[in-house]
Amino acid sequence: MIWRAEPKQAVFLSCEDDEVLYGGAAGGGKSDALLIFSIMRRVAIPSSRGLILRRTFPELERTLILRSHQLLTGRAKWQAQQKRWRFPNGSILEFGYCASEEDVYQYQGAEYEDICFDELTQFTEFQYTYLQSRLRTTKPGVKVLTRAATNPGGPGHLWVKSRFVDVGPPNTPYRDPESGLVRRYIPATIDDNSYIDRAAYERNLSALPEAERRALRYGDWDVFSGQYFREFRRDIHVIRPFDIPSWWRRFRSLDYGLDCTACYWWAVDQSGRCFVYRELYESGLNLSKAAQKIVDMTPAEERISYTVASPDLWNRRQETGQSGEEIMRQAGLTGLVKADHNRIPGWRALREYLEPYTDEQGVEVARLAIFENCVNLIRTLPALVHDTHNPEDVDDACEDHAPESIRYGVMSRPGRSVPEEEQKKRLRARQKLVRPASRITGY
Ligand SMILES: Nc1ncnc2c1ncn2[C@@H]1O[C@H](COP(=O)(O)OP(=O)(O)OP(=O)(O)O)[C@@H](O)[C@H]1O
Ligand SMILES: [Mg+2]
């Protein structure tokens, strides 16, 4: 067969995790990758069965079935009635659809070694999990697998995002604590598919409104209407962790609450760009436990200039007469400073930090960058929505612990770091100033 995998498709095809979502953006070669995945499994596992699904039959016919004829004619036998290919080794590749919730029961008695969902956000979570229950095999050594491909957007946007995208960094296995199954999200965009007429594709996309265009072009899961921080973009604001130079200024921001403690560790480079590099996001921590945890999570060699925290920590508690700040200090967390918690100026300042610009190397960046391990911040910051009564503010029904913490950090006006050489020079200059003075006074 004349089909050569693009590099991202090759990664997808060789992945052995239980559930894999491929794509994100339009035109990344998603549908082809699913088809080839199923064909490869049919050939490799004699007498196996695979199911490929789309939400409706016309979509299925226009795309996957049509393409399967180009790939399989002469190599397997098409059984039109059953919408399936029978392979010479007895394997069967079947196409199906699930227009309504009840349609899943068509597959009640069936068993498959693998199921592929194309355009997963068109399906409901119930359809997906129900159909997964049809996965089983009696063949020794064969693993049952679920594969899916999709663009963002669509009725299933949120459940697909929280199942695959929000659980951790992309291209990384995530083990579901309940089922023990391993999932993975492999993002791909049109840049990963050299077989496509890119200019024509870009032209079609450019006609769309900005939010939809970004979702389709970049596979951006974070755009939707009512969104507060539209400027948030994973490709700009979320970065791979790197070794932070020891001379960069570091500080922490803390939004404490028994319902959720959100603490972030920041580092600032020479130009004033801020890197949020570590996250504590946990519920049920009392003040001293939260303080201890923050101290424990900070390696001894990290010098933290200050920890900016919500001002209510300075209120005295009636029962003990102690403030939250005192309790935390006694538990070892020193250097807490009161945050400026004016909401609207704070959100405005944060927006400035998120505003993309082009750096000296011609790369699009922003003053705030988040290490990809800070998953709760990455999940909740783009999910904030406008307050309908006061559109300048964030709706306080949102899960806003992480963004509030970040707002405190931004409002602490993090100064740029001074390179070591310059620090030494300044120190020498200071010493020079001090010496003659001491001689004059005779000390
Ligand atoms: N490895 C490949 N070899 C040859 N052609 C390919 C390959 N991968 C993708 N293509 C072709 O590129 C085009 C786009 O691929 P495909 O339809 O799989 O992308 P998609 O991500 O599903 O797009 P959409 O977002 O529109 O659904 C199709 O014509 C497809 O046949
Ligand atoms: Mg497709």
# chains A, B, ... in the order shown; residues from 1 in each chain; ligands from 1
>>> residues_around(residues="range 413-420 of chain A", least_positions_apart="4", cutoff="9 Å", atoms="only C-alpha atoms", output="list in words")
Trp247, Trp248, Arg249, Arg250, Phe251, Ala267, Val268, Asp269, Gln270, Ser271, Gly272, Arg273, Cys274, Gly409, Lys424 and Lys425 of chain A
>>> residues_around(residues="range 205-219 of chain A", least_positions_apart="3", cutoff="6 Å", atoms="only C-alpha atoms", output="ChimeraX atom specification")
/A:24-26,152,202,223
>>> residues_near_ligand(ligand="ligand 2", cutoff="9 Å", atoms="only C-alpha atoms and all ligand atoms", output="PyMOL selection string")
chain A and resi 26-32+63-64+118-119+149-151
>>> closest_residue(among="A:Pro403, A:Gly96, A:Gly321, A:Pro170", to="Ser253 in chain A", atoms="only C-alpha atoms")
A:Pro403
>>> residues_around(residues="Asp393 in chain A", least_positions_apart="3", cutoff="12 Å", atoms="only C-alpha atoms", output="ChimeraX atom specification")
/A:226-229,342-348,351,384-390,396-398,400
>>> write_last_selection(atoms="C-alpha atoms", output="PDB file, in the first residue's frame")
ATOM      1  CA  GLY A 226     -17.720  34.715  27.009  1.00  0.00           C
ATOM      2  CA  GLN A 227     -14.085  33.826  27.630  1.00  0.00           C
ATOM      3  CA  TYR A 228     -12.310  36.411  29.795  1.00  0.00           C
ATOM      4  CA  PHE A 229      -8.728  35.907  28.629  1.00  0.00           C
ATOM      5  CA  ASN A 342      -8.063  45.115  43.655  1.00  0.00           C
ATOM      6  CA  ARG A 343      -9.766  42.861  41.173  1.00  0.00           C
ATOM      7  CA  ILE A 344     -10.271  44.893  38.033  1.00  0.00           C
ATOM      8  CA  PRO A 345      -6.852  46.598  37.958  1.00  0.00           C
ATOM      9  CA  GLY A 346      -5.388  43.175  38.746  1.00  0.00           C
ATOM     10  CA  TRP A 347      -7.125  41.402  35.884  1.00  0.00           C
ATOM     11  CA  ARG A 348      -6.119  44.280  33.616  1.00  0.00           C
ATOM     12  CA  ARG A 351      -4.117  40.772  30.611  1.00  0.00           C
ATOM     13  CA  LEU A 384     -12.620  32.158  33.244  1.00  0.00           C
ATOM     14  CA  VAL A 385     -15.709  33.944  31.932  1.00  0.00           C
ATOM     15  CA  HIS A 386     -16.868  37.558  32.169  1.00  0.00           C
ATOM     16  CA  ASP A 387     -19.170  38.530  34.999  1.00  0.00           C
ATOM     17  CA  THR A 388     -22.460  39.307  33.209  1.00  0.00           C
ATOM     18  CA  HIS A 389     -23.227  42.160  35.664  1.00  0.00           C
ATOM     19  CA  ASN A 390     -19.770  43.671  35.492  1.00  0.00           C
ATOM     20  CA  ASP A 396     -16.742  34.721  40.704  1.00  0.00           C
ATOM     21  CA  ALA A 397     -18.580  31.449  40.183  1.00  0.00           C
ATOM     22  CA  CYS A 398     -15.547  30.335  38.160  1.00  0.00           C
ATOM     23  CA  ASP A 400     -10.566  31.034  40.170  1.00  0.00           C
TER      24      ASP A 400
END
>>> closest_residue(among="A:Glu101, A:Glu326, A:Asp192, A:Glu111", to="ligand 1", atoms="only C-alpha atoms and all ligand atoms")
A:Asp192
>>> atom_distance(atom1="CA of Arg175 in chain A", atom2="CA of Leu258 in chain A")
27.3 Å
